[in-house]
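Student: Have a peek at upload_17.cif (mmCIF, C-alpha atoms).
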data_run
loop_
_atom_site.group_PDB
_atom_site.id
_atom_site.type_symbol
_atom_site.label_atom_id
_atom_site.label_comp_id
_atom_site.auth_asym_id
_atom_site.auth_seq_id
_atom_site.Cartn_x
_atom_site.Cartn_y
_atom_site.Cartn_z
ATOM 1 C CA MET U 1 0.000 0.000 0.000
ATOM 2 C CA ALA U 2 1.287 3.465 -0.830
ATOM 3 C CA THR U 3 -0.089 6.515 0.914
ATOM 4 C CA ALA U 4 2.712 9.041 0.744
ATOM 5 C CA GLY U 5 5.603 10.016 -1.483
ATOM 6 C CA THR U 6 3.511 9.608 -4.632
ATOM 7 C CA ALA U 7 4.632 12.844 -6.282
ATOM 8 C CA CYS U 8 7.213 10.928 -8.346
ATOM 9 C CA TRP U 9 4.361 9.110 -10.109
ATOM 10 C CA ASP U 10 2.508 12.282 -11.178
ATOM 11 C CA GLU U 11 4.500 12.691 -14.378
ATOM 12 C CA HIS U 12 3.644 9.202 -15.603
ATOM 13 C CA VAL U 13 -0.106 8.556 -15.286
ATOM 14 C CA HIS U 14 -1.967 9.628 -18.420
ATOM 15 C CA ARG U 15 -5.554 9.555 -19.590
ATOM 16 C CA LEU U 16 -6.392 7.445 -22.627
ATOM 17 C CA TRP U 17 -10.146 8.045 -22.526
ATOM 18 C CA PRO U 18 -12.238 10.137 -22.259
ATOM 19 C CA GLU U 19 -10.647 13.357 -23.400
ATOM 20 C CA PRO U 20 -10.041 15.834 -20.566
ATOM 21 C CA PRO U 21 -12.731 18.483 -20.020
ATOM 22 C CA GLU U 22 -12.361 21.641 -22.071
ATOM 23 C CA GLY U 23 -9.675 23.891 -20.661
ATOM 24 C CA ARG U 24 -7.874 21.057 -18.849
ATOM 25 C CA PRO U 25 -4.355 20.008 -19.895
ATOM 26 C CA SER U 26 -4.023 16.662 -21.662
ATOM 27 C CA GLY U 27 -0.750 15.724 -19.976
ATOM 28 C CA PRO U 28 0.050 13.731 -16.825
ATOM 29 C CA LEU U 29 -2.664 13.475 -14.181
ATOM 30 C CA THR U 30 -2.333 15.093 -10.766
ATOM 31 C CA ASP U 31 -3.690 13.835 -7.443
ATOM 32 C CA ALA U 32 -6.579 16.302 -7.824
ATOM 33 C CA ASP U 33 -7.382 14.854 -11.278
ATOM 34 C CA LEU U 34 -7.441 11.317 -9.881
ATOM 35 C CA GLU U 35 -9.650 12.310 -6.953
ATOM 36 C CA GLU U 36 -12.153 13.739 -9.428
ATOM 37 C CA ILE U 37 -12.023 10.694 -11.713
ATOM 38 C CA TYR U 38 -12.353 8.116 -8.933
ATOM 39 C CA GLY U 39 -14.587 10.075 -6.573
ATOM 40 C CA TYR U 40 -17.820 8.590 -5.265
ATOM 41 C CA PRO U 41 -21.174 10.105 -6.285
ATOM 42 C CA ASP U 42 -22.145 13.181 -4.305
ATOM 43 C CA PRO U 43 -24.265 12.792 -2.330
ATOM 44 C CA VAL U 44 -24.121 9.083 -1.481
ATOM 45 C CA THR U 45 -27.533 8.093 -0.126
ATOM 46 C CA ARG U 46 -27.110 4.300 0.043
ATOM 47 C CA PRO U 47 -24.259 1.786 0.283
ATOM 48 C CA TRP U 48 -22.300 2.299 -2.954
ATOM 49 C CA VAL U 49 -19.856 -0.481 -3.771
ATOM 50 C CA GLN U 50 -16.635 -0.107 -5.716
ATOM 51 C CA ALA U 51 -14.501 -3.194 -6.411
ATOM 52 C CA ASN U 52 -10.766 -2.792 -6.933
ATOM 53 C CA PHE U 53 -8.756 -5.533 -8.684
ATOM 54 C CA VAL U 54 -5.602 -6.138 -10.678
ATOM 55 C CA SER U 55 -5.188 -8.995 -13.141
ATOM 56 C CA SER U 56 -2.690 -10.183 -15.712
ATOM 57 C CA ALA U 57 -3.334 -9.745 -19.426
ATOM 58 C CA ASP U 58 -4.498 -13.380 -19.545
ATOM 59 C CA GLY U 59 -6.896 -12.969 -16.615
ATOM 60 C CA ALA U 60 -4.949 -14.220 -13.586
ATOM 61 C CA VAL U 61 -5.753 -12.523 -10.300
ATOM 62 C CA SER U 62 -2.488 -13.505 -8.610
ATOM 63 C CA VAL U 63 1.043 -14.820 -9.090
ATOM 64 C CA ALA U 64 2.174 -17.428 -6.547
ATOM 65 C CA ASP U 65 -1.160 -16.853 -4.713
ATOM 66 C CA ARG U 66 -0.433 -13.155 -4.099
ATOM 67 C CA SER U 67 -1.666 -10.128 -6.019
ATOM 68 C CA ALA U 68 1.664 -8.348 -5.360
ATOM 69 C CA GLY U 69 3.243 -10.152 -8.312
ATOM 70 C CA LEU U 70 0.936 -8.194 -10.635
ATOM 71 C CA SER U 71 1.350 -4.809 -9.018
ATOM 72 C CA HIS U 72 3.085 -1.603 -10.064
ATOM 73 C CA PRO U 73 3.373 1.918 -8.594
ATOM 74 C CA ALA U 74 0.466 3.080 -10.781
ATOM 75 C CA ASP U 75 -1.765 0.284 -9.527
ATOM 76 C CA LYS U 76 -0.663 0.915 -5.935
ATOM 77 C CA ARG U 77 -1.585 4.552 -6.354
ATOM 78 C CA ILE U 78 -5.116 3.674 -7.486
ATOM 79 C CA PHE U 79 -5.355 1.070 -4.718
ATOM 80 C CA ALA U 80 -4.386 3.675 -2.102
ATOM 81 C CA LEU U 81 -6.792 6.201 -3.614
ATOM 82 C CA GLY U 82 -9.611 3.656 -3.317
ATOM 83 C CA ARG U 83 -8.911 3.462 0.404
ATOM 84 C CA ASP U 84 -8.525 7.216 0.758
ATOM 85 C CA LEU U 85 -11.944 7.992 -0.708
ATOM 86 C CA ALA U 86 -13.910 5.239 1.064
ATOM 87 C CA ASP U 87 -15.802 5.094 4.344
ATOM 88 C CA VAL U 88 -14.971 1.402 4.747
ATOM 89 C CA ILE U 89 -12.804 -1.280 3.111
ATOM 90 C CA LEU U 90 -14.647 -4.542 2.408
ATOM 91 C CA VAL U 91 -12.679 -7.778 2.041
ATOM 92 C CA GLY U 92 -13.146 -11.534 2.299
ATOM 93 C CA ALA U 93 -11.554 -13.618 5.046
ATOM 94 C CA GLY U 94 -9.483 -15.631 2.549
ATOM 95 C CA THR U 95 -7.880 -12.467 1.192
ATOM 96 C CA VAL U 96 -7.168 -11.237 4.728
ATOM 97 C CA ARG U 97 -5.226 -14.439 5.404
ATOM 98 C CA ALA U 98 -3.464 -14.658 2.018
ATOM 99 C CA GLU U 99 -2.393 -11.009 1.957
ATOM 100 C CA ARG U 100 -1.697 -10.698 5.710
ATOM 101 C CA TYR U 101 -4.024 -7.728 6.100
ATOM 102 C CA ARG U 102 -3.501 -5.121 8.790
ATOM 103 C CA GLY U 103 -5.299 -1.873 9.526
ATOM 104 C CA ALA U 104 -5.055 1.043 7.105
ATOM 105 C CA LYS U 105 -2.239 3.458 8.004
ATOM 106 C CA PRO U 106 -2.599 7.236 8.429
ATOM 107 C CA GLY U 107 0.004 8.417 5.910
ATOM 108 C CA GLU U 108 0.388 12.164 5.454
ATOM 109 C CA LEU U 109 -1.332 12.241 2.059
ATOM 110 C CA ARG U 110 -4.149 10.005 3.278
ATOM 111 C CA VAL U 111 -4.919 12.069 6.366
ATOM 112 C CA GLU U 112 -4.798 15.371 4.470
ATOM 113 C CA ARG U 113 -7.056 14.067 1.740
ATOM 114 C CA ARG U 114 -9.577 12.432 4.046
ATOM 115 C CA ARG U 115 -9.829 15.412 6.394
ATOM 116 C CA ARG U 116 -10.346 17.697 3.419
ATOM 117 C CA LEU U 117 -13.175 15.426 2.241
ATOM 118 C CA GLY U 118 -14.750 15.252 5.706
ATOM 119 C CA LEU U 119 -13.783 11.625 6.349
ATOM 120 C CA ALA U 120 -12.178 9.943 9.360
ATOM 121 C CA ASP U 121 -8.373 9.781 9.250
ATOM 122 C CA VAL U 122 -8.394 6.086 8.323
ATOM 123 C CA PRO U 123 -11.208 3.780 7.178
ATOM 124 C CA PRO U 124 -12.067 0.603 9.092
ATOM 125 C CA ILE U 125 -11.729 -2.779 7.410
ATOM 126 C CA ALA U 126 -14.872 -4.924 7.250
ATOM 127 C CA VAL U 127 -14.220 -8.652 6.760
ATOM 128 C CA VAL U 128 -16.796 -11.113 5.464
ATOM 129 C CA SER U 129 -16.372 -14.409 7.343
ATOM 130 C CA GLY U 130 -19.410 -16.665 7.601
ATOM 131 C CA ARG U 131 -17.798 -18.895 10.239
ATOM 132 C CA CYS U 132 -15.562 -16.309 11.935
ATOM 133 C CA THR U 133 -12.473 -18.210 10.804
ATOM 134 C CA LEU U 134 -10.126 -15.373 11.692
ATOM 135 C CA ASP U 135 -7.282 -15.456 14.187
ATOM 136 C CA PRO U 136 -7.528 -12.765 16.910
ATOM 137 C CA GLY U 137 -3.716 -12.645 16.838
ATOM 138 C CA ASP U 138 -3.561 -11.605 13.172
ATOM 139 C CA PRO U 139 -2.263 -8.111 12.245
ATOM 140 C CA LEU U 140 -5.814 -7.140 11.271
ATOM 141 C CA PHE U 141 -6.570 -7.030 15.009
ATOM 142 C CA THR U 142 -3.153 -6.305 16.526
ATOM 143 C CA ASP U 143 -1.813 -3.704 14.048
ATOM 144 C CA THR U 144 -4.639 -1.240 13.499
ATOM 145 C CA LEU U 145 -5.734 2.175 14.700
ATOM 146 C CA VAL U 146 -9.453 1.535 14.235
ATOM 147 C CA PRO U 147 -11.333 -1.643 15.198
ATOM 148 C CA PRO U 148 -12.097 -3.963 12.287
ATOM 149 C CA ILE U 149 -15.661 -5.034 11.566
ATOM 150 C CA VAL U 150 -16.458 -8.728 11.137
ATOM 151 C CA LEU U 151 -19.546 -9.546 9.067
ATOM 152 C CA THR U 152 -20.668 -13.046 9.954
ATOM 153 C CA THR U 153 -23.678 -15.325 10.480
ATOM 154 C CA GLU U 154 -25.961 -16.476 13.266
ATOM 155 C CA SER U 155 -24.559 -19.984 12.867
ATOM 156 C CA ALA U 156 -20.921 -18.940 13.411
ATOM 157 C CA PRO U 157 -19.589 -20.549 16.615
ATOM 158 C CA LYS U 158 -20.300 -18.293 19.570
ATOM 159 C CA ASP U 159 -16.835 -18.779 21.014
ATOM 160 C CA ARG U 160 -15.238 -17.546 17.781
ATOM 161 C CA ARG U 161 -17.498 -14.513 17.686
ATOM 162 C CA ALA U 162 -16.693 -13.773 21.306
ATOM 163 C CA GLY U 163 -12.959 -14.189 20.679
ATOM 164 C CA LEU U 164 -12.955 -11.683 17.827
ATOM 165 C CA ALA U 165 -15.023 -9.237 19.863
ATOM 166 C CA ALA U 166 -12.547 -9.587 22.728
ATOM 167 C CA ALA U 167 -9.756 -8.783 20.252
ATOM 168 C CA GLY U 168 -11.473 -5.467 19.552
ATOM 169 C CA ALA U 169 -13.606 -6.218 16.488
ATOM 170 C CA GLU U 170 -17.188 -5.117 16.051
ATOM 171 C CA VAL U 171 -18.950 -8.366 15.151
ATOM 172 C CA LEU U 172 -22.139 -7.988 13.103
ATOM 173 C CA THR U 173 -24.404 -10.858 12.064
ATOM 174 C CA ALA U 174 -26.102 -10.734 8.671
ATOM 175 C CA GLY U 175 -27.736 -14.001 7.651
ATOM 176 C CA GLU U 176 -28.231 -17.369 9.320
ATOM 177 C CA HIS U 177 -25.898 -19.789 7.491
ATOM 178 C CA SER U 178 -24.231 -17.548 4.890
ATOM 179 C CA VAL U 179 -23.528 -13.845 4.985
ATOM 180 C CA ASP U 180 -26.370 -11.859 3.416
ATOM 181 C CA LEU U 181 -24.321 -9.189 1.673
ATOM 182 C CA LYS U 182 -27.243 -6.860 1.102
ATOM 183 C CA ALA U 183 -28.045 -6.970 4.815
ATOM 184 C CA ALA U 184 -24.348 -6.602 5.666
ATOM 185 C CA LEU U 185 -24.052 -3.507 3.488
ATOM 186 C CA GLY U 186 -27.200 -2.179 5.127
ATOM 187 C CA ALA U 187 -25.615 -2.642 8.555
ATOM 188 C CA LEU U 188 -22.544 -0.728 7.392
ATOM 189 C CA GLY U 189 -24.780 1.987 5.974
ATOM 190 C CA GLU U 190 -26.553 2.359 9.311
ATOM 191 C CA ARG U 191 -23.142 3.241 10.752
ATOM 192 C CA GLY U 192 -22.591 5.909 8.120
ATOM 193 C CA LEU U 193 -20.254 3.692 6.084
ATOM 194 C CA LEU U 194 -21.782 4.221 2.643
ATOM 195 C CA ARG U 195 -18.691 4.511 0.420
ATOM 196 C CA VAL U 196 -17.600 0.871 0.213
ATOM 197 C CA ASN U 197 -14.290 -0.115 -1.381
ATOM 198 C CA CYS U 198 -14.124 -3.881 -1.963
ATOM 199 C CA GLU U 199 -10.597 -5.282 -2.311
ATOM 200 C CA GLY U 200 -11.564 -8.905 -2.919
ATOM 201 C CA GLY U 201 -11.182 -11.693 -3.054
ATOM 202 C CA PRO U 202 -12.686 -13.462 -6.047
ATOM 203 C CA HIS U 203 -15.345 -15.366 -4.052
ATOM 204 C CA LEU U 204 -16.643 -12.243 -2.338
ATOM 205 C CA PHE U 205 -16.642 -10.355 -5.631
ATOM 206 C CA ALA U 206 -18.527 -13.182 -7.370
ATOM 207 C CA THR U 207 -21.260 -12.988 -4.724
ATOM 208 C CA LEU U 208 -21.493 -9.210 -5.024
ATOM 209 C CA VAL U 209 -21.841 -9.601 -8.802
ATOM 210 C CA ALA U 210 -24.453 -12.354 -8.463
ATOM 211 C CA GLU U 211 -26.524 -10.186 -6.113
ATOM 212 C CA ASP U 212 -26.133 -7.120 -8.362
ATOM 213 C CA LEU U 213 -24.452 -5.044 -5.671
ATOM 214 C CA VAL U 214 -21.483 -3.694 -7.651
ATOM 215 C CA ASP U 215 -21.685 -0.044 -8.692
ATOM 216 C CA GLN U 216 -18.145 0.400 -9.991
ATOM 217 C CA LEU U 217 -15.234 -1.820 -10.985
ATOM 218 C CA CYS U 218 -11.692 -0.450 -11.034
ATOM 219 C CA LEU U 219 -9.582 -3.000 -12.911
ATOM 220 C CA THR U 220 -5.863 -2.695 -13.638
ATOM 221 C CA ILE U 221 -4.502 -4.959 -16.372
ATOM 222 C CA ALA U 222 -0.831 -5.826 -15.935
ATOM 223 C CA PRO U 223 1.249 -6.422 -19.107
ATOM 224 C CA LEU U 224 2.045 -9.970 -18.014
ATOM 225 C CA LEU U 225 1.107 -13.492 -19.065
ATOM 226 C CA ALA U 226 0.767 -15.482 -15.849
ATOM 227 C CA GLY U 227 -0.254 -18.779 -17.427
ATOM 228 C CA ALA U 228 -2.744 -21.334 -16.165
ATOM 229 C CA GLY U 229 -3.583 -22.026 -12.544
ATOM 230 C CA ALA U 230 -4.633 -18.775 -10.939
ATOM 231 C CA ASP U 231 -8.227 -17.700 -10.286
ATOM 232 C CA ARG U 232 -10.009 -15.006 -12.238
ATOM 233 C CA ILE U 233 -11.210 -11.922 -10.362
ATOM 234 C CA VAL U 234 -14.450 -13.860 -9.785
ATOM 235 C CA ALA U 235 -14.656 -17.412 -8.469
ATOM 236 C CA GLY U 236 -17.372 -19.530 -6.920
ATOM 237 C CA ARG U 237 -20.988 -18.425 -7.124
ATOM 238 C CA ALA U 238 -22.400 -18.160 -10.643
ATOM 239 C CA THR U 239 -24.402 -15.205 -11.942
ATOM 240 C CA GLU U 240 -27.778 -15.851 -13.571
ATOM 241 C CA ALA U 241 -27.292 -13.109 -16.170
ATOM 242 C CA PRO U 242 -24.404 -10.810 -17.103
ATOM 243 C CA ARG U 243 -24.376 -7.409 -15.395
ATOM 244 C CA ARG U 244 -24.057 -4.627 -17.945
ATOM 245 C CA LEU U 245 -21.424 -1.955 -17.238
ATOM 246 C CA ARG U 246 -20.385 1.200 -19.062
ATOM 247 C CA LEU U 247 -16.777 2.227 -19.552
ATOM 248 C CA ALA U 248 -16.149 5.403 -17.525
ATOM 249 C CA SER U 249 -12.401 6.018 -17.928
ATOM 250 C CA VAL U 250 -9.130 4.481 -19.127
ATOM 251 C CA LEU U 251 -5.716 5.508 -17.766
ATOM 252 C CA HIS U 252 -2.257 4.086 -18.445
ATOM 253 C CA GLU U 253 1.266 4.078 -17.098
ATOM 254 C CA ASP U 254 4.290 2.035 -18.149
ATOM 255 C CA GLY U 255 2.196 -0.584 -19.951
ATOM 256 C CA PHE U 256 -0.341 -0.929 -17.116
ATOM 257 C CA THR U 257 -3.887 -0.014 -18.135
ATOM 258 C CA MET U 258 -6.427 1.109 -15.538
ATOM 259 C CA PHE U 259 -10.049 0.665 -16.523
ATOM 260 C CA ARG U 260 -13.008 2.056 -14.587
ATOM 261 C CA TYR U 261 -16.489 0.690 -15.255
ATOM 262 C CA ARG U 262 -19.810 1.798 -13.736
ATOM 263 C CA ARG U 263 -23.136 0.045 -13.673
ATOM 264 C CA GLU U 264 -25.091 0.780 -16.851
ATOM 265 C CA SER U 265 -27.763 2.870 -15.111
ATOM 266 C CA GLY U 266 -25.115 5.191 -13.690
ATOM 267 C CA GLY U 267 -26.365 4.208 -10.184
#
Show this structure as C-alpha cells.
Tutor:
Amino acid sequence: MATAGTACWDEHVHRLWPEPPEGRPSGPLTDADLEEIYGYPDPVTRPWVQANFVSSADGAVSVADRSAGLSHPADKRIFALGRDLADVILVGAGTVRAERYRGAKPGELRVERRRRLGLADVPPIAVVSGRCTLDPGDPLFTDTLVPPIVLTTESAPKDRRAGLAAAGAEVLTAGEHSVDLKAALGALGERGLLRVNCEGGPHLFATLVAEDLVDQLCLTIAPLLAGAGADRIVAGRATEAPRRLRLASVLHEDGFTMFRYRRESGG
C-alpha cells in the first residue's frame, strides 16, 4: 500500500479516454485529477460499492497466490486512492489471510485528503467471514488504529465470535448460514459507512456480482502473461445473467492499463 511520497508518479499517469474536459491540460494526471475521476457520487444516499482488482493480461488474479506479483506503482496509487476515498474497506476472510491484512495506516497524504473530504483519518476494514475463521492474533486485530468489523452469520460458533469481539472487532451478524451481503451492506450503511471499497477476493466479488451489488469496478490490467492455474477476479458463485457496465475512464502508465467501469444505469 502506498499513501505518501507519490509525487514521483505524477509525471507518468496519463488519460487514454475520455478526453479531458475543455480547458484542462491533456498531460500527466495530478492527485486532484485522480480524486475527481475516482470520486464517489455526491451525495451518497445508500451503500455504494466499488470493487478494486488487478489482473494479468491473460486474466490471472495472482502470481504465486499473491496479487503483489501483478502490481506496479500506478496500480498501488489507485489502490491507495480507493482506500482514501472510502468510508470502509470490504474484504473476504481468505484475502485477509493470504495477503496478511492489517489496519489502514494514516500516511500524510491520506490524512490530508480524508480530512479535506470530511472523512475519518483512516477507514475501518470490514471482513466477510461466515464462520468467523479469523485469528484474533492476526495483524488485522493487533496492528490497526481503528477496530475492524467482522460480518458473519448467526450460525458462526459463539466462542469464535466472542474471541474476535474480545480482540477489539465489532462483530455484526447478517444471515443465518451464509452472509447476506445486502443486509451486511445495510448494517454498514446504518453506521454511516456508505462509500464501500471492496478489495476482494474473487469469491466475495462473485457474490457481489451475483446479487447485483457492484456499482463500480476499477480494474488494472498488468502487461504480463501469468499462465494457467490462478483464479479469475471472480470465483465460486455463478451469476444468472451478465451485469451490464459502461466504460467510464481508461488511464495508463508504463504498460499498465487502468479501466473504470460503472453500472449501466449510472447508479
Student: Could you state the separation of CA of Cys132 in chain U and CA of Gly82 in chain U in Å, given to one decimal place?
Tutor: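 Spanning CA of Cys132 in chain U to CA of Gly82 in chain U is a straight-line distance of 25.8 Å.
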Student: May I have the residues at most 10 Å from (-7.6, -13.0, 15.9) in the file's coordinates, counting all atoms listed in the file, as a PyMOL selection string?
Tutor: chain U and resi 132-142+160+163-169
Student: Using all atoms listed in the file, list the residues that have an atom at most 10 Å from (-12.5, 7.1, -0.7), coordinates as in the file, as an MDAnalysis selection string.
Tutor: chainID U and resid 35 38:40 50 80:89 110 113:114 117 119 122:123 195:197
Student: Could you state which residues are captured by the PyMOL selection byres ((chain U and resi 219) around 8) in this file, as a PyMOL selection string?
Tutor: chain U and resi 52-55+217-218+220-221+258-260
Student: So the first atom is CA of His252 in chain U and the second is CA of Trp17 in chain U; what is the distance between them in Å, to one decimal place?
Tutor: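 Taking CA of His252 in chain U as the start and CA of Trp17 in chain U as the end point, the length is 9.7 Å.
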Student: Looking at U:Asp65, U:Gly27, U:Ala32, U:Glu22, which one is nearest to Arg97 in chain U, with distances taken over only C-alpha atoms?
Tutor: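 Closest candidate: U:Asp65.
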Student: Excluding range 147-158 of chain U and its own-chain neighbours fewer than 3 positions away, which residues fall within 8 Å of it when counting only C-alpha atoms? Please give them as a compact mmCIF listing (two decimals) with C-alpha atoms, in the coordinates of the input.
Tutor:
# COMPACT_ATOMS: atom_id res chain seq x y z
CA GLY U 103 -5.30 -1.87 9.53
CA PRO U 124 -12.07 0.60 9.09
CA ILE U 125 -11.73 -2.78 7.41
CA ALA U 126 -14.87 -4.92 7.25
CA VAL U 127 -14.22 -8.65 6.76
CA VAL U 128 -16.80 -11.11 5.46
CA SER U 129 -16.37 -14.41 7.34
CA GLY U 130 -19.41 -16.66 7.60
CA ARG U 131 -17.80 -18.90 10.24
CA CYS U 132 -15.56 -16.31 11.94
CA LEU U 140 -5.81 -7.14 11.27
CA PHE U 141 -6.57 -7.03 15.01
CA THR U 144 -4.64 -1.24 13.50
CA ARG U 161 -17.50 -14.51 17.69
CA ALA U 162 -16.69 -13.77 21.31
CA GLY U 168 -11.47 -5.47 19.55
CA ALA U 169 -13.61 -6.22 16.49
CA GLU U 170 -17.19 -5.12 16.05
CA VAL U 171 -18.95 -8.37 15.15
CA LEU U 172 -22.14 -7.99 13.10
CA THR U 173 -24.40 -10.86 12.06
CA ALA U 174 -26.10 -10.73 8.67
CA GLY U 175 -27.74 -14.00 7.65
CA GLU U 176 -28.23 -17.37 9.32
CA HIS U 177 -25.90 -19.79 7.49
CA SER U 178 -24.23 -17.55 4.89
CA VAL U 179 -23.53 -13.84 4.99
CA ALA U 184 -24.35 -6.60 5.67
Student: Determine, counting all atoms listed in the file, which protein, DNA and RNA residues have an atom within 7 Å of an atom of range 231-242 of chain U; residues of the same chain fewer than 2 positions away are not included. Present the result as an MDAnalysis selection string.
Tutor: chainID U and resid 59:61 202:203 205:207 209:210 229 244
Student: For a test of reading the model, state the distance in Å between CA of Asp31 in chain U and CA of Lys105 in chain U, rounded to one decimal.
Tutor: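 The value is 18.7 Å.
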Student: If you count all atoms listed in the file, which residues fall within 10 Å of Leu224 in chain U, apart from same-chain ones fewer than 5 positions away, as a PyMOL selection string?
Tutor: chain U and resi 55-60+69-70+255-256
Student: Set the distance at 10 Å and use all atoms listed in the file: which residues neighbour Asp254 in chain U once local chain neighbours fewer than 3 positions away are removed? I'd like the list as a list in words.
Tutor: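 Counting all atoms listed in the file, the residues come to His12, Val13, His14, His72, Pro73, Ala74, Ala222, Pro223 and Thr257 of chain U.
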Student: Starting from the displayed file, determine the output of the PyMOL selection byres ((chain U and resi 18) around 9) and express the residue list as a compact mmCIF listing (two decimals) with C-alpha atoms, in the frame of the given file.
Tutor:
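So result.txt came out as:
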# COMPACT_ATOMS: atom_id res chain seq x y z
CA ARG U 15 -5.55 9.56 -19.59
CA LEU U 16 -6.39 7.44 -22.63
CA TRP U 17 -10.15 8.04 -22.53
CA GLU U 19 -10.65 13.36 -23.40
CA PRO U 20 -10.04 15.83 -20.57
CA PRO U 21 -12.73 18.48 -20.02
CA ALA U 248 -16.15 5.40 -17.52
CA SER U 249 -12.40 6.02 -17.93
CA VAL U 250 -9.13 4.48 -19.13
Student: Given the PyMOL selection byres ((chain U and resi 245) around 8) and the file above, list the residues it selects as a CSV table (one decimal) with C-alpha atoms, in the frame of the given file.
Tutor:
chain,number,residue,atom,x,y,z
U,243,ARG,CA,-24.4,-7.4,-15.4
U,244,ARG,CA,-24.1,-4.6,-17.9
U,246,ARG,CA,-20.4,1.2,-19.1
U,247,LEU,CA,-16.8,2.2,-19.6
U,261,TYR,CA,-16.5,0.7,-15.3
U,262,ARG,CA,-19.8,1.8,-13.7
U,263,ARG,CA,-23.1,0.0,-13.7
U,264,GLU,CA,-25.1,0.8,-16.9
Student: May I ask which of the residues U:Glu112, U:Glu99, U:Asp121, U:Asp212 is the closest one to Gly200 in chain U, counting only C-alpha atoms?
Tutor: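 Smallest distance to Gly200 in chain U is found for U:Glu99.
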Student: Which residue out of U:Ile78, U:Val146, U:Ala120, U:Leu188 has the minimum interatomic distance to Trp48 in chain U when only C-alpha atoms are used?
Tutor: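 That would be U:Leu188, the residue with the smallest distance to Trp48 in chain U.
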Student: Would you place a box with edges along x, y and z of the file around all atoms of range 118-135 of chain U listed there, add 8 Å to each of its six sides, and report the centre and edge lengths in Å to one decimal, as lines of an AutoDock Vina configuration file?
Tutor:
center_x = -13.3
center_y = -1.8
center_z = 9.8
size_x = 28.1
size_y = 50.1
size_z = 24.7
Student: Which one of U:Val214, U:Ala64, U:Leu204, U:Ala183 sits closest to Ala230 in chain U if you count only C-alpha atoms?
Tutor: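 Of the candidates, the smallest distance to Ala230 in chain U is held by U:Ala64.
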